[in-house]
file run-v7.pdb (PDB, C-alpha atoms)
ATOM      1  CA  MET I   9      15.969   9.743  21.296
ATOM      2  CA  GLU I  10      14.851   9.996  17.667
ATOM      3  CA  GLU I  11      11.171   9.329  16.956
ATOM      4  CA  LYS I  12      10.364   6.296  14.852
ATOM      5  CA  LEU I  13       9.211   6.827  11.284
ATOM      6  CA  ARG I  14       5.418   6.380  11.192
ATOM      7  CA  ILE I  15       4.267   4.202   8.321
ATOM      8  CA  GLY I  16       0.661   3.652   7.343
ATOM      9  CA  ALA I  17       0.353   0.247   5.690
ATOM     10  CA  ALA I  18      -2.803   0.026   3.578
ATOM     11  CA  MET I  19      -3.752  -3.308   2.035
ATOM     12  CA  CYS I  20      -6.234  -3.934  -0.774
ATOM     13  CA  GLY I  21      -7.725  -7.203  -1.988
ATOM     14  CA  SER I  22      -4.930  -8.733  -4.054
ATOM     15  CA  PHE I  23      -5.084 -11.709  -1.716
ATOM     16  CA  CYS I  24      -2.441 -13.781  -3.530
ATOM     17  CA  THR I  25       0.207 -11.263  -2.416
ATOM     18  CA  PHE I  26      -0.834 -11.040   1.242
ATOM     19  CA  GLU I  27       1.810 -13.449   2.505
ATOM     20  CA  LYS I  28       4.590 -11.436   0.812
ATOM     21  CA  VAL I  29       3.203  -8.139   2.089
ATOM     22  CA  LEU I  30       2.713  -9.415   5.634
ATOM     23  CA  GLY I  31       6.351 -10.527   5.639
ATOM     24  CA  VAL I  32       7.420  -7.040   4.530
ATOM     25  CA  LEU I  33       5.301  -5.453   7.268
ATOM     26  CA  GLU I  34       6.824  -7.736   9.905
ATOM     27  CA  SER I  35      10.252  -6.564   8.821
ATOM     28  CA  LEU I  36       9.246  -2.881   8.773
ATOM     29  CA  ALA I  37       7.633  -3.130  12.218
ATOM     30  CA  GLU I  38      10.982  -4.179  13.698
ATOM     31  CA  THR I  39      12.299  -0.676  12.981
ATOM     32  CA  TYR I  40       9.328   1.601  12.356
ATOM     33  CA  ASP I  41       5.957   2.489  13.901
ATOM     34  CA  VAL I  42       3.505   0.727  11.552
ATOM     35  CA  THR I  43      -0.280   1.105  11.528
ATOM     36  CA  ALA I  44      -2.426  -1.072   9.254
ATOM     37  CA  VAL I  45      -5.378  -0.013   7.127
ATOM     38  CA  LEU I  46      -7.418  -2.691   5.334
ATOM     39  CA  SER I  47      -9.901  -2.041   2.569
ATOM     40  CA  GLU I  48     -13.385  -3.199   3.370
ATOM     41  CA  THR I  49     -12.944  -6.024   0.856
ATOM     42  CA  ALA I  50      -9.672  -7.152   2.399
ATOM     43  CA  ALA I  51     -11.118  -6.899   5.916
ATOM     44  CA  GLY I  52     -14.224  -8.891   5.122
ATOM     45  CA  THR I  53     -13.356 -11.548   2.550
ATOM     46  CA  ASP I  54     -12.220 -15.097   3.207
ATOM     47  CA  THR I  55     -10.323 -16.617   0.275
ATOM     48  CA  ARG I  56      -8.145 -19.614  -0.518
ATOM     49  CA  PHE I  57      -5.276 -17.399   0.663
ATOM     50  CA  GLY I  58      -6.670 -17.125   4.191
ATOM     51  CA  LYS I  59      -9.462 -15.897   6.391
ATOM     52  CA  ALA I  60     -10.029 -12.182   6.856
ATOM     53  CA  GLU I  61     -10.080 -12.459  10.650
ATOM     54  CA  ASP I  62      -6.715 -14.250  10.573
ATOM     55  CA  HIS I  63      -5.185 -11.465   8.473
ATOM     56  CA  ILE I  64      -6.556  -8.850  10.857
ATOM     57  CA  ARG I  65      -5.264 -10.728  13.892
ATOM     58  CA  ARG I  66      -1.820 -11.069  12.289
ATOM     59  CA  LEU I  67      -1.690  -7.374  11.393
ATOM     60  CA  GLU I  68      -2.627  -6.427  14.944
ATOM     61  CA  ALA I  69       0.122  -8.708  16.260
ATOM     62  CA  ILE I  70       2.639  -7.124  13.859
ATOM     63  CA  THR I  71       1.692  -3.524  14.631
ATOM     64  CA  GLY I  72       0.451  -3.796  18.209
ATOM     65  CA  LYS I  73      -2.572  -1.673  17.216
ATOM     66  CA  PRO I  74      -6.118  -2.142  15.935
ATOM     67  CA  VAL I  75      -6.459  -2.241  12.145
ATOM     68  CA  MET I  76      -8.329   0.633  10.510
ATOM     69  CA  THR I  77     -11.101  -0.841   8.331
ATOM     70  CA  THR I  78     -13.598   1.979   7.776
ATOM     71  CA  ILE I  79     -13.725   5.338   6.033
ATOM     72  CA  PRO I  80     -14.313   7.261   9.305
ATOM     73  CA  GLU I  81     -11.258   5.605  10.893
ATOM     74  CA  ALA I  82      -9.095   6.432   7.862
ATOM     75  CA  GLU I  83     -10.377  10.005   7.584
ATOM     76  CA  ARG I  84      -8.666  10.963  10.845
ATOM     77  CA  ILE I  85      -5.267  10.223   9.251
ATOM     78  CA  GLY I  86      -5.268  13.700   7.686
ATOM     79  CA  PRO I  87      -6.194  15.967  10.578
ATOM     80  CA  GLY I  88      -4.159  13.857  12.990
ATOM     81  CA  LYS I  89      -1.135  13.777  10.666
ATOM     82  CA  LEU I  90      -0.808  10.151  11.741
ATOM     83  CA  PHE I  91       1.808   8.980   9.211
ATOM     84  CA  ASP I  92       5.029  10.206   7.686
ATOM     85  CA  VAL I  93       4.426   7.957   4.688
ATOM     86  CA  LEU I  94       1.521   5.805   3.512
ATOM     87  CA  VAL I  95       2.316   2.542   1.738
ATOM     88  CA  ILE I  96      -0.459   0.904  -0.268
ATOM     89  CA  ALA I  97       0.618  -2.723  -0.647
ATOM     90  CA  PRO I  98      -0.864  -4.523  -2.403
ATOM     91  CA  CYS I  99      -2.569  -1.855  -4.475
ATOM     92  CA  THR I 100      -5.118  -3.399  -6.831
ATOM     93  CA  GLY I 101      -6.082  -2.156 -10.278
ATOM     94  CA  ASN I 102      -9.421  -1.115  -8.807
ATOM     95  CA  THR I 103      -7.718   1.094  -6.217
ATOM     96  CA  LEU I 104      -5.299   2.493  -8.828
ATOM     97  CA  GLY I 105      -8.321   3.586 -10.871
ATOM     98  CA  LYS I 106     -10.044   5.161  -7.894
ATOM     99  CA  LEU I 107      -6.908   7.049  -6.855
ATOM    100  CA  ALA I 108      -6.356   8.293 -10.414
ATOM    101  CA  ALA I 109      -9.975   9.476 -10.636
ATOM    102  CA  GLY I 110     -10.062  10.998  -7.146
ATOM    103  CA  ILE I 111     -12.719   8.569  -5.912
ATOM    104  CA  THR I 112     -12.801   8.160  -2.142
ATOM    105  CA  ASP I 113     -15.153   5.301  -1.314
ATOM    106  CA  THR I 114     -12.997   2.847   0.649
ATOM    107  CA  SER I 115     -10.873   3.019   3.758
ATOM    108  CA  VAL I 116      -7.720   2.798   1.593
ATOM    109  CA  THR I 117      -8.680   5.568  -0.833
ATOM    110  CA  MET I 118      -9.703   7.729   2.148
ATOM    111  CA  ALA I 119      -6.369   6.989   3.807
ATOM    112  CA  ALA I 120      -4.559   8.200   0.675
ATOM    113  CA  LYS I 121      -6.700  11.332   0.338
ATOM    114  CA  ALA I 122      -6.386  12.190   4.029
ATOM    115  CA  HIS I 123      -2.630  11.585   4.004
ATOM    116  CA  LEU I 124      -1.957  13.532   0.793
ATOM    117  CA  ARG I 125      -3.657  16.630   2.192
ATOM    118  CA  ASN I 126      -0.599  17.011   4.421
ATOM    119  CA  GLY I 127       1.795  16.940   1.458
ATOM    120  CA  ARG I 128       3.230  13.597   2.535
ATOM    121  CA  PRO I 129       4.204  10.734   0.198
ATOM    122  CA  VAL I 130       2.083   7.772  -0.832
ATOM    123  CA  VAL I 131       4.049   4.694  -1.907
ATOM    124  CA  VAL I 132       2.204   2.350  -4.273
ATOM    125  CA  ALA I 133       3.145  -1.339  -4.474
ATOM    126  CA  MET I 134       0.794  -2.590  -7.135
ATOM    127  CA  SER I 135      -0.487  -6.030  -7.911
ATOM    128  CA  THR I 136      -2.944  -6.117 -10.793
ATOM    129  CA  ASN I 137      -3.748  -8.556 -13.577
ATOM    130  CA  ASP I 138      -4.606  -5.685 -15.946
ATOM    131  CA  GLY I 139      -1.563  -3.450 -15.413
ATOM    132  CA  LEU I 140      -0.667  -3.535 -19.109
ATOM    133  CA  ALA I 141      -4.319  -3.235 -20.119
ATOM    134  CA  ALA I 142      -7.127  -1.185 -18.515
ATOM    135  CA  SER I 143      -5.050  -0.111 -15.481
ATOM    136  CA  LEU I 144      -2.133   1.222 -17.525
ATOM    137  CA  GLN I 145      -3.677   4.679 -17.961
ATOM    138  CA  ASN I 146      -4.259   4.900 -14.201
ATOM    139  CA  ILE I 147      -0.660   3.921 -13.458
ATOM    140  CA  GLY I 148       0.494   6.646 -15.830
ATOM    141  CA  ALA I 149      -1.825   9.208 -14.263
ATOM    142  CA  LEU I 150      -0.474   8.483 -10.772
ATOM    143  CA  MET I 151       3.169   8.324 -11.860
ATOM    144  CA  VAL I 152       3.048  11.973 -12.934
ATOM    145  CA  ARG I 153       0.986  13.131  -9.963
ATOM    146  CA  LYS I 154       2.725  14.850  -7.080
ATOM    147  CA  GLY I 155       3.010  12.774  -3.934
ATOM    148  CA  TYR I 156       2.854   9.284  -5.487
ATOM    149  CA  TYR I 157       5.882   6.990  -5.659
ATOM    150  CA  PHE I 158       5.905   3.474  -7.071
ATOM    151  CA  VAL I 159       7.667   0.441  -5.706
ATOM    152  CA  PRO I 160       9.575  -0.899  -8.733
ATOM    153  CA  PHE I 161       7.389  -3.283 -10.696
ATOM    154  CA  GLY I 162       7.353  -5.626 -13.664
ATOM    155  CA  GLN I 163       5.480  -8.468 -15.271
ATOM    156  CA  ASP I 164       5.031 -11.206 -12.712
ATOM    157  CA  ASP I 165       4.076 -13.985 -15.153
ATOM    158  CA  PRO I 166       4.417 -12.829 -18.792
ATOM    159  CA  GLU I 167       3.628 -16.264 -20.226
ATOM    160  CA  LYS I 168       0.398 -17.028 -18.375
ATOM    161  CA  LYS I 169      -0.731 -13.484 -17.472
ATOM    162  CA  ALA I 170       0.625 -11.195 -20.190
ATOM    163  CA  THR I 171      -0.954  -7.982 -18.826
ATOM    164  CA  SER I 172      -0.258  -8.600 -15.127
ATOM    165  CA  LEU I 173       2.079  -6.297 -13.178
ATOM    166  CA  ALA I 174       3.357  -6.692  -9.636
ATOM    167  CA  ALA I 175       5.669  -4.715  -7.400
ATOM    168  CA  ASP I 176       8.964  -6.111  -6.206
ATOM    169  CA  PHE I 177       7.840  -6.171  -2.582
ATOM    170  CA  THR I 178      11.448  -6.551  -1.404
ATOM    171  CA  LYS I 179      11.946  -2.914  -2.441
ATOM    172  CA  VAL I 180       9.218  -1.366  -0.277
ATOM    173  CA  GLU I 181      11.575   0.010   2.366
ATOM    174  CA  GLN I 182      13.984   1.429  -0.238
ATOM    175  CA  THR I 183      11.050   3.104  -1.993
ATOM    176  CA  VAL I 184       9.805   4.572   1.286
ATOM    177  CA  ARG I 185      13.234   6.064   1.980
ATOM    178  CA  ALA I 186      13.449   7.540  -1.542
ATOM    179  CA  ALA I 187       9.888   8.924  -1.344
ATOM    180  CA  LEU I 188      10.691  10.680   1.929
ATOM    181  CA  GLU I 189      13.514  12.395   0.017
ATOM    182  CA  GLY I 190      11.058  13.363  -2.750
ATOM    183  CA  ARG I 191      12.439  11.014  -5.387
ATOM    184  CA  GLN I 192      11.250   7.951  -7.252
ATOM    185  CA  LEU I 193      13.391   4.857  -6.670
ATOM    186  CA  GLN I 194      14.948   3.786  -9.971
ATOM    187  CA  PRO I 195      14.695   1.816 -12.082
ATOM    188  CA  VAL I 196      10.942   1.794 -11.592
ATOM    189  CA  ILE I 197      10.376  -0.902 -14.200
ATOM    190  CA  VAL I 198      12.251  -4.107 -13.401
TER     191      VAL I 198
END
call {"tool": "encode", "arguments": {"input": "run-v7.pdb", "output": "C-alpha cells"}}
result
Amino acid sequence: MEEKLRIGAAMCGSFCTFEKVLGVLESLAETYDVTAVLSETAAGTDTRFGKAEDHIRRLEAITGKPVMTTIPEAERIGPGKLFDVLVIAPCTGNTLGKLAAGITDTSVTMAAKAHLRNGRPVVVAMSTNDGLAASLQNIGALMVRKGYYFVPFGQDDPEKKATSLAADFTKVEQTVRAALEGRQLQPVIV
C-alpha cells in the first residue's frame, strides 16, 4: 500500500480567508495526511471571522491531530522530516516579509525554515492587502528563491483594495502536485 502524501498546513492571521482555507484542508484531508500549524496570532486571536479555539477544534477534527502552535513544536518538522510539502495558506504580508528576510520568530516561519532544510517544497497561498505595495518586493524575493512555489494569485478586489492580492485557493492541490515535481504551476498570475 502506498503511503499518503504528508502535507503540513500552516495558517497565518488573514482571518477573512479562514473559511476558504478550512474548506480546502477538509478536501485535502480526504486524500492526504494533513497536519496543521497555526501562527501564534492565528491560534490566539478571536475576530469577527470566528474564535481561535473554534478554528483549532475544527483543524483538529479535520486532521485528527493536535495543531502545532509554538516554535518548539514547529522546529521538530525539520529533524523529523514530518512533511513532504508545507503549504502556508493563508500567508500574510507579514509572513512573506519574514520569510524573504530569513526571520524565524513564529511557528509558521519556523515550520518553513525547518521544512526547507530538507530540500522539500513550500507552497505559498498568499492573502495580503499590500501585495502590490510594500509586500511586492518580498513576493519577488520568494518567487526566485529555491524551494518556494506560489498558488496562482491575483487582485481580489481591484476597485476597493487596489494593492490587495489573494491566492486562488481552489488551486492549492494543483500547486502542491506541481511543486512536488519541482515546477511552478502556471499561469501564476490570474
call {"tool": "closest_residue", "arguments": {"input": "run-v7.pdb", "among": "I:Leu36, I:Val45, I:Ala149, I:Ala69", "to": "I:Val180", "atoms": "all atoms listed in the file"}}
result
I:Leu36
call {"tool": "atom_distance", "arguments": {"input": "run-v7.pdb", "atom1": "atom CA of I:Val131", "atom2": "atom CA of I:Arg14"}}
result
13.3 Å
call {"tool": "residues_near_point", "arguments": {"input": "run-v7.pdb", "point": "(14.5, 1.6, -8.6)", "cutoff": "12 Å", "atoms": "only C-alpha atoms", "output": "short mmCIF file (atom, residue, chain, number, x, y, z; two decimals) with C-alpha atoms, in the coordinates of the input"}}
result
data_model
loop_
_atom_site.label_atom_id
_atom_site.label_comp_id
_atom_site.auth_asym_id
_atom_site.auth_seq_id
_atom_site.Cartn_x
_atom_site.Cartn_y
_atom_site.Cartn_z
CA TYR I 157 5.88 6.99 -5.66
CA PHE I 158 5.90 3.47 -7.07
CA VAL I 159 7.67 0.44 -5.71
CA PRO I 160 9.57 -0.90 -8.73
CA PHE I 161 7.39 -3.28 -10.70
CA GLY I 162 7.35 -5.63 -13.66
CA ALA I 175 5.67 -4.72 -7.40
CA ASP I 176 8.96 -6.11 -6.21
CA PHE I 177 7.84 -6.17 -2.58
CA THR I 178 11.45 -6.55 -1.40
CA LYS I 179 11.95 -2.91 -2.44
CA VAL I 180 9.22 -1.37 -0.28
CA GLU I 181 11.58 0.01 2.37
CA GLN I 182 13.98 1.43 -0.24
CA THR I 183 11.05 3.10 -1.99
CA VAL I 184 9.80 4.57 1.29
CA ARG I 185 13.23 6.06 1.98
CA ALA I 186 13.45 7.54 -1.54
CA ALA I 187 9.89 8.92 -1.34
CA ARG I 191 12.44 11.01 -5.39
CA GLN I 192 11.25 7.95 -7.25
CA LEU I 193 13.39 4.86 -6.67
CA GLN I 194 14.95 3.79 -9.97
CA PRO I 195 14.70 1.82 -12.08
CA VAL I 196 10.94 1.79 -11.59
CA ILE I 197 10.38 -0.90 -14.20
CA VAL I 198 12.25 -4.11 -13.40
#
call {"tool": "residues_around", "arguments": {"input": "run-v7.pdb", "residues": "I:Leu67", "least_positions_apart": "2", "cutoff": "10 Å", "atoms": "only C-alpha atoms", "output": "MDAnalysis selection string"}}
result
chainID I and resid 17 30 33:34 42:46 61:65 69:75
call {"tool": "atom_distance", "arguments": {"input": "run-v7.pdb", "atom1": "atom CA of I:Asn137", "atom2": "atom CA of I:Thr100"}}
result
8.6 Å
